[in-house]
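Down below is the structure, laid out as structure tokens.
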Amino acid sequence: MALLEQWRTYAEEQQREKGAKFWQDYFRQETEFYKAILTSKPRKSTVQSYAKKFGVDLITMTGFLDGINDSLKNPNDLETIEAASEVSLAYDKELLYKNMVEAKAEWLYTLPEWEPLLTAERRQELYREQKQSKTVVKGPKIGRNDPCPCGSGKKYKKCCGRDI
């Protein structure tokens, strides 16, 4: 069984058994993981050596990789990774920040380790951009007697706004 599948099975089982406590412990470890990668230069290494470096088991390391994968410059093929697979943690800092905002991971995007990487102003801009990207803006309401937006030249009520 591939590591990613093992991680997902493990996380489901732990959530059933421990509930929120499992995720609290995981997020505590994840915070330390992000503190470390935000302050060091990312290199290529095996999953096993990264797990050893961060002091976690292979399954937990796979969880970290799953969480950061969408923010990497060259995402890893998580479906096929094994302990000896070489992975890269070279991340796009702005994309990583936005993904943390999207995930509502305030404990991560407010880390002081961001300060040397992105200015406070840039972090605010990225935060706003991410929040606005999920905002649905409704267009102006079409009146019954307005021209139909389909371009037919008819009134809206006689064309696309007709009761069916």
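Letters A, B, ... go to the chains of the structure tokens in the order shown; residues in each chain start at 1; ligands are counted from 1 in the same order.
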
Using only C-alpha atoms, I'd like a table of the residues in range 24-84 of chain A that come within 9 Å of range 113-131 of chain A; for each, show the closest atom pair and its distance in Å rounded to one decimal, ordered by chain and ascending number, as a tab-separated table.
residue	atom	partner	partner_atom	distance
A:Tyr34	CA	A:Glu113	CA	8.7
A:Lys35	CA	A:Glu113	CA	6.3
A:Ala36	CA	A:Glu113	CA	8.8
A:Leu38	CA	A:Glu113	CA	6.1
A:Thr39	CA	A:Glu113	CA	6.6

Taking all heavy atoms for each residue, export the selection above as a compact mmCIF listing (two decimals), in the first residue's frame.
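Saved the output as again.txt:
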# COMPACT_ATOMS: atom_id res chain seq x y z
N TYR A 34 6.48 23.48 9.49
CA TYR A 34 6.50 24.70 8.70
C TYR A 34 7.51 25.71 9.22
O TYR A 34 8.14 26.41 8.44
CB TYR A 34 5.10 25.31 8.58
CG TYR A 34 4.29 24.62 7.53
CD1 TYR A 34 3.24 23.77 7.86
CD2 TYR A 34 4.57 24.79 6.18
CE1 TYR A 34 2.52 23.11 6.89
CE2 TYR A 34 3.84 24.14 5.20
CZ TYR A 34 2.82 23.31 5.56
OH TYR A 34 2.10 22.66 4.59
N LYS A 35 7.68 25.79 10.53
CA LYS A 35 8.72 26.68 11.07
C LYS A 35 10.08 26.29 10.51
O LYS A 35 10.87 27.15 10.12
CB LYS A 35 8.76 26.59 12.60
CG LYS A 35 7.65 27.34 13.28
CD LYS A 35 7.79 27.19 14.80
CE LYS A 35 6.71 27.93 15.53
NZ LYS A 35 6.85 27.78 17.00
N ALA A 36 10.34 25.00 10.45
CA ALA A 36 11.63 24.51 9.95
C ALA A 36 11.81 24.79 8.46
O ALA A 36 12.86 25.26 8.03
CB ALA A 36 11.78 23.02 10.23
N LEU A 38 10.30 27.03 6.59
CA LEU A 38 10.30 28.46 6.27
C LEU A 38 11.64 29.12 6.60
O LEU A 38 11.96 30.18 6.07
CB LEU A 38 9.17 29.19 7.02
CG LEU A 38 7.75 28.89 6.54
CD1 LEU A 38 6.73 29.52 7.47
CD2 LEU A 38 7.53 29.33 5.10
N THR A 39 12.43 28.48 7.46
CA THR A 39 13.71 29.07 7.86
C THR A 39 14.92 28.36 7.25
O THR A 39 16.05 28.69 7.57
CB THR A 39 13.85 29.06 9.40
OG1 THR A 39 13.71 27.72 9.88
CG2 THR A 39 12.81 29.95 10.04

Exercise. So which bits of chain A end up strand (DSSP E or B) when you DSSP the backbone, as a list of chain:residue names?
Worked result: A:Lys44, A:Ser45, A:Thr46, A:Leu72, A:Glu86, A:Val87, A:Ser88, A:Tyr91, A:Pro147, A:Lys155

Dump N, CA and C atoms for the selected residues as a JSON list (two decimals), in the first residue's frame?
[["chain", "number", "residue", "atom", "x", "y", "z"],
["A", 44, "LYS", "N", 16.32, 18.46, -2.07],
["A", 44, "LYS", "CA", 15.71, 17.16, -2.37],
["A", 44, "LYS", "C", 16.24, 16.14, -1.39],
["A", 45, "SER", "N", 15.37, 15.27, -0.95],
["A", 45, "SER", "CA", 15.76, 14.21, -0.04],
["A", 45, "SER", "C", 14.70, 13.12, -0.11],
["A", 46, "THR", "N", 14.96, 12.00, 0.53],
["A", 46, "THR", "CA", 13.97, 10.93, 0.55],
["A", 46, "THR", "C", 12.93, 11.20, 1.62],
["A", 72, "LEU", "N", 4.04, 23.51, -3.86],
["A", 72, "LEU", "CA", 5.41, 23.27, -4.32],
["A", 72, "LEU", "C", 5.60, 23.74, -5.76],
["A", 86, "GLU", "N", 12.54, 10.06, -3.65],
["A", 86, "GLU", "CA", 13.12, 11.38, -3.48],
["A", 86, "GLU", "C", 12.05, 12.43, -3.74],
["A", 87, "VAL", "N", 11.91, 13.36, -2.80],
["A", 87, "VAL", "CA", 10.91, 14.42, -2.92],
["A", 87, "VAL", "C", 11.59, 15.78, -2.72],
["A", 88, "SER", "N", 10.97, 16.80, -3.24],
["A", 88, "SER", "CA", 11.49, 18.15, -3.09],
["A", 88, "SER", "C", 10.48, 18.97, -2.29],
["A", 91, "TYR", "N", 9.16, 25.27, -2.29],
["A", 91, "TYR", "CA", 7.80, 25.82, -2.34],
["A", 91, "TYR", "C", 7.79, 27.23, -2.93],
["A", 147, "PRO", "N", -33.76, 44.74, -22.19],
["A", 147, "PRO", "CA", -33.41, 43.87, -23.32],
["A", 147, "PRO", "C", -32.78, 42.57, -22.80],
["A", 155, "LYS", "N", -37.53, 41.65, -25.30],
["A", 155, "LYS", "CA", -37.52, 41.97, -23.87],
["A", 155, "LYS", "C", -37.23, 40.67, -23.11]]

For this session: Mind giving me the straight-line distance from CA of Lys98 in chain A to CA of Glu12 in chain A in Å, one decimal?
Result: 26.2 Å

All residues 8 Å or closer to range 49-60 of chain A, only C-alpha atoms, same chain fewer than 2 positions away omitted, as a compact mmCIF listing (two decimals) with C-alpha atoms, in the first residue's frame:
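Once everything was written out, this is out.txt:
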# COMPACT_ATOMS: atom_id res chain seq x y z
CA LEU A 3 2.27 5.84 1.79
CA LEU A 4 -0.46 8.33 0.84
CA GLN A 6 -1.68 4.57 4.48
CA TRP A 7 -1.75 8.18 5.70
CA TYR A 10 -4.42 6.19 9.49
CA PHE A 33 7.43 21.37 10.32
CA SER A 45 15.76 14.21 -0.04
CA THR A 46 13.97 10.93 0.55
CA VAL A 47 10.71 10.72 2.46
CA THR A 62 3.38 11.77 4.22
CA GLY A 63 0.60 13.84 5.79
CA PHE A 64 2.90 16.88 5.77
CA ALA A 83 9.99 5.63 1.93

Exercise. Can you list, as a ChimeraX atom specification, every protein, DNA or RNA residue that comes within 8 Å of Asp146 in chain A when you count only C-alpha atoms, leaving out same-chain residues fewer than 2 positions away?
Worked result: /A:142-144,148,155-156

Could you dump the residues just selected with N, CA, C and O atoms as a PDB file, in the first residue's frame?
ATOM      1  N   ILE A 142     -31.583  41.651 -13.799  1.00  0.00           N
ATOM      2  CA  ILE A 142     -32.175  42.027 -15.082  1.00  0.00           C
ATOM      3  C   ILE A 142     -33.664  42.281 -14.863  1.00  0.00           C
ATOM      4  O   ILE A 142     -34.372  41.436 -14.318  1.00  0.00           O
ATOM      5  N   GLY A 143     -34.099  43.455 -15.263  1.00  0.00           N
ATOM      6  CA  GLY A 143     -35.516  43.803 -15.132  1.00  0.00           C
ATOM      7  C   GLY A 143     -36.340  43.102 -16.206  1.00  0.00           C
ATOM      8  O   GLY A 143     -35.835  42.764 -17.279  1.00  0.00           O
ATOM      9  N   ARG A 144     -37.638  42.912 -15.933  1.00  0.00           N
ATOM     10  CA  ARG A 144     -38.529  42.224 -16.872  1.00  0.00           C
ATOM     11  C   ARG A 144     -38.569  42.903 -18.246  1.00  0.00           C
ATOM     12  O   ARG A 144     -38.614  42.248 -19.269  1.00  0.00           O
ATOM     13  N   CYS A 148     -33.076  41.477 -23.444  1.00  0.00           N
ATOM     14  CA  CYS A 148     -32.552  40.182 -23.003  1.00  0.00           C
ATOM     15  C   CYS A 148     -31.036  40.143 -23.221  1.00  0.00           C
ATOM     16  O   CYS A 148     -30.552  40.530 -24.296  1.00  0.00           O
ATOM     17  N   LYS A 155     -37.527  41.654 -25.295  1.00  0.00           N
ATOM     18  CA  LYS A 155     -37.519  41.965 -23.874  1.00  0.00           C
ATOM     19  C   LYS A 155     -37.233  40.671 -23.112  1.00  0.00           C
ATOM     20  O   LYS A 155     -37.604  39.580 -23.548  1.00  0.00           O
ATOM     21  N   TYR A 156     -36.586  40.834 -21.968  1.00  0.00           N
ATOM     22  CA  TYR A 156     -36.216  39.685 -21.134  1.00  0.00           C
ATOM     23  C   TYR A 156     -37.436  38.818 -20.806  1.00  0.00           C
ATOM     24  O   TYR A 156     -37.381  37.598 -20.883  1.00  0.00           O
TER      25      TYR A 156
END

Just the residues within 9 Å of Leu108 in chain A, please, counting only C-alpha atoms, with nothing from its chain fewer than 4 positions along; format it as a PDB file with N, CA, C and O atoms, in the first residue's frame.
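What follows is the written file part_39.pdb:
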ATOM      1  N   GLU A  30       2.754  19.831  12.732  1.00  0.00           N
ATOM      2  CA  GLU A  30       2.765  20.522  11.445  1.00  0.00           C
ATOM      3  C   GLU A  30       3.327  21.937  11.596  1.00  0.00           C
ATOM      4  O   GLU A  30       4.078  22.410  10.742  1.00  0.00           O
ATOM      5  N   THR A  31       3.011  22.604  12.688  1.00  0.00           N
ATOM      6  CA  THR A  31       3.525  23.945  12.944  1.00  0.00           C
ATOM      7  C   THR A  31       5.049  23.921  13.014  1.00  0.00           C
ATOM      8  O   THR A  31       5.720  24.764  12.419  1.00  0.00           O
ATOM      9  N   TYR A  34       6.483  23.479   9.494  1.00  0.00           N
ATOM     10  CA  TYR A  34       6.500  24.700   8.697  1.00  0.00           C
ATOM     11  C   TYR A  34       7.510  25.710   9.223  1.00  0.00           C
ATOM     12  O   TYR A  34       8.144  26.412   8.439  1.00  0.00           O
ATOM     13  N   LYS A  35       7.683  25.793  10.526  1.00  0.00           N
ATOM     14  CA  LYS A  35       8.719  26.681  11.071  1.00  0.00           C
ATOM     15  C   LYS A  35      10.077  26.288  10.505  1.00  0.00           C
ATOM     16  O   LYS A  35      10.873  27.154  10.124  1.00  0.00           O
ATOM     17  N   TYR A  97       1.506  30.690   1.176  1.00  0.00           N
ATOM     18  CA  TYR A  97       0.792  31.598   2.073  1.00  0.00           C
ATOM     19  C   TYR A  97      -0.701  31.620   1.738  1.00  0.00           C
ATOM     20  O   TYR A  97      -1.547  31.487   2.618  1.00  0.00           O
ATOM     21  N   MET A 100      -2.455  28.478   2.809  1.00  0.00           N
ATOM     22  CA  MET A 100      -2.684  28.452   4.254  1.00  0.00           C
ATOM     23  C   MET A 100      -3.897  29.299   4.619  1.00  0.00           C
ATOM     24  O   MET A 100      -4.691  28.920   5.473  1.00  0.00           O
ATOM     25  N   VAL A 101      -4.038  30.441   3.951  1.00  0.00           N
ATOM     26  CA  VAL A 101      -5.204  31.301   4.185  1.00  0.00           C
ATOM     27  C   VAL A 101      -6.473  30.564   3.755  1.00  0.00           C
ATOM     28  O   VAL A 101      -7.466  30.551   4.472  1.00  0.00           O
ATOM     29  N   LYS A 104      -7.708  28.137   6.115  1.00  0.00           N
ATOM     30  CA  LYS A 104      -8.045  28.754   7.401  1.00  0.00           C
ATOM     31  C   LYS A 104      -7.092  28.299   8.504  1.00  0.00           C
ATOM     32  O   LYS A 104      -7.484  28.108   9.642  1.00  0.00           O
TER      33      LYS A 104
END

Exercise. Looking at A:Cys159, A:Met61, A:Ala103, A:Ile37, which one is nearest to Leu89 in chain A, with distances taken over only C-alpha atoms?
Worked result: A:Ile37

For this session: Would you work out the distance separating CA of Ile68 in chain A from CA of Glu32 in chain A, expressed in Å to one decimal?
Result: 13.6 Å

For this session: Could you tell me how far CA of Gly19 in chain A lies from CA of Gly67 in chain A, in Å and to one decimal?
Result: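 Separation between CA of Gly19 in chain A and CA of Gly67 in chain A: 19.3 Å.
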
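The neighbours of Asp92 in chain A here are the residues that come within 8 Å of it, using only C-alpha atoms and leaving out any residue fewer than 2 positions away in the same chain; they are A:Ser71, A:Leu72, A:Lys73, A:Ala90, A:Glu94, A:Leu95, A:Leu96.
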
Output all heavy atoms for every residue in that selection, as a PDB file, in the first residue's frame.
ATOM      1  N   SER A  71       1.499  23.576  -2.964  1.00  0.00           N
ATOM      2  CA  SER A  71       2.254  24.819  -2.880  1.00  0.00           C
ATOM      3  C   SER A  71       3.687  24.679  -3.392  1.00  0.00           C
ATOM      4  O   SER A  71       4.456  25.626  -3.325  1.00  0.00           O
ATOM      5  CB  SER A  71       2.290  25.303  -1.428  1.00  0.00           C
ATOM      6  OG  SER A  71       0.990  25.438  -0.924  1.00  0.00           O
ATOM      7  N   LEU A  72       4.039  23.509  -3.862  1.00  0.00           N
ATOM      8  CA  LEU A  72       5.406  23.266  -4.325  1.00  0.00           C
ATOM      9  C   LEU A  72       5.596  23.743  -5.759  1.00  0.00           C
ATOM     10  O   LEU A  72       4.665  23.708  -6.565  1.00  0.00           O
ATOM     11  CB  LEU A  72       5.741  21.773  -4.235  1.00  0.00           C
ATOM     12  CG  LEU A  72       5.696  21.166  -2.832  1.00  0.00           C
ATOM     13  CD1 LEU A  72       5.974  19.668  -2.900  1.00  0.00           C
ATOM     14  CD2 LEU A  72       6.677  21.853  -1.907  1.00  0.00           C
ATOM     15  N   LYS A  73       6.819  24.153  -6.065  1.00  0.00           N
ATOM     16  CA  LYS A  73       7.138  24.578  -7.432  1.00  0.00           C
ATOM     17  C   LYS A  73       6.991  23.405  -8.392  1.00  0.00           C
ATOM     18  O   LYS A  73       6.513  23.562  -9.509  1.00  0.00           O
ATOM     19  CB  LYS A  73       8.553  25.144  -7.486  1.00  0.00           C
ATOM     20  CG  LYS A  73       8.684  26.465  -6.754  1.00  0.00           C
ATOM     21  CD  LYS A  73      10.088  26.988  -6.782  1.00  0.00           C
ATOM     22  CE  LYS A  73      10.160  28.313  -6.027  1.00  0.00           C
ATOM     23  NZ  LYS A  73      11.531  28.814  -5.930  1.00  0.00           N
ATOM     24  N   ALA A  90      10.757  22.388  -2.348  1.00  0.00           N
ATOM     25  CA  ALA A  90      10.928  23.737  -2.885  1.00  0.00           C
ATOM     26  C   ALA A  90       9.540  24.324  -3.133  1.00  0.00           C
ATOM     27  O   ALA A  90       8.829  23.905  -4.032  1.00  0.00           O
ATOM     28  CB  ALA A  90      11.737  23.700  -4.175  1.00  0.00           C
ATOM     29  N   GLU A  94       4.487  32.619  -2.019  1.00  0.00           N
ATOM     30  CA  GLU A  94       3.203  33.305  -2.100  1.00  0.00           C
ATOM     31  C   GLU A  94       2.055  32.308  -2.229  1.00  0.00           C
ATOM     32  O   GLU A  94       1.009  32.478  -1.604  1.00  0.00           O
ATOM     33  CB  GLU A  94       3.204  34.317  -3.244  1.00  0.00           C
ATOM     34  CG  GLU A  94       4.138  35.486  -2.959  1.00  0.00           C
ATOM     35  CD  GLU A  94       4.032  36.611  -3.965  1.00  0.00           C
ATOM     36  OE1 GLU A  94       3.275  36.484  -4.958  1.00  0.00           O
ATOM     37  OE2 GLU A  94       4.709  37.639  -3.744  1.00  0.00           O
ATOM     38  N   LEU A  95       2.256  31.277  -3.007  1.00  0.00           N
ATOM     39  CA  LEU A  95       1.226  30.252  -3.156  1.00  0.00           C
ATOM     40  C   LEU A  95       1.016  29.502  -1.837  1.00  0.00           C
ATOM     41  O   LEU A  95      -0.122  29.223  -1.451  1.00  0.00           O
ATOM     42  CB  LEU A  95       1.618  29.276  -4.266  1.00  0.00           C
ATOM     43  CG  LEU A  95       0.629  28.159  -4.579  1.00  0.00           C
ATOM     44  CD1 LEU A  95      -0.740  28.718  -4.958  1.00  0.00           C
ATOM     45  CD2 LEU A  95       1.174  27.278  -5.689  1.00  0.00           C
ATOM     46  N   LEU A  96       2.103  29.210  -1.135  1.00  0.00           N
ATOM     47  CA  LEU A  96       2.004  28.547   0.159  1.00  0.00           C
ATOM     48  C   LEU A  96       1.205  29.403   1.138  1.00  0.00           C
ATOM     49  O   LEU A  96       0.310  28.908   1.819  1.00  0.00           O
ATOM     50  CB  LEU A  96       3.394  28.241   0.725  1.00  0.00           C
ATOM     51  CG  LEU A  96       3.446  27.577   2.093  1.00  0.00           C
ATOM     52  CD1 LEU A  96       2.736  26.225   2.076  1.00  0.00           C
ATOM     53  CD2 LEU A  96       4.891  27.401   2.550  1.00  0.00           C
TER      54      LEU A  96
END

For this session: Would you return as a ChimeraX atom specification the members of range 65-145 of chain A that DSSP assigns to alpha helix (DSSP H) on this structure's backbone?
Result: /A:65-68,93-102,106-109,120-133

Exercise. Smallest atom-to-atom distance to Lys157 in chain A: which of A:Gln14, A:Asn69, A:Pro140, A:Asn145, using only C-alpha atoms?
Worked result: A:Asn145

Exercise. For Arg8 in chain A, which residue out of A:Ser152, A:Arg43, A:Glu79, A:Lys93 is the nearest one, using only C-alpha atoms?
Worked result: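 For Arg8 in chain A, the nearest of the given residues is A:Glu79.
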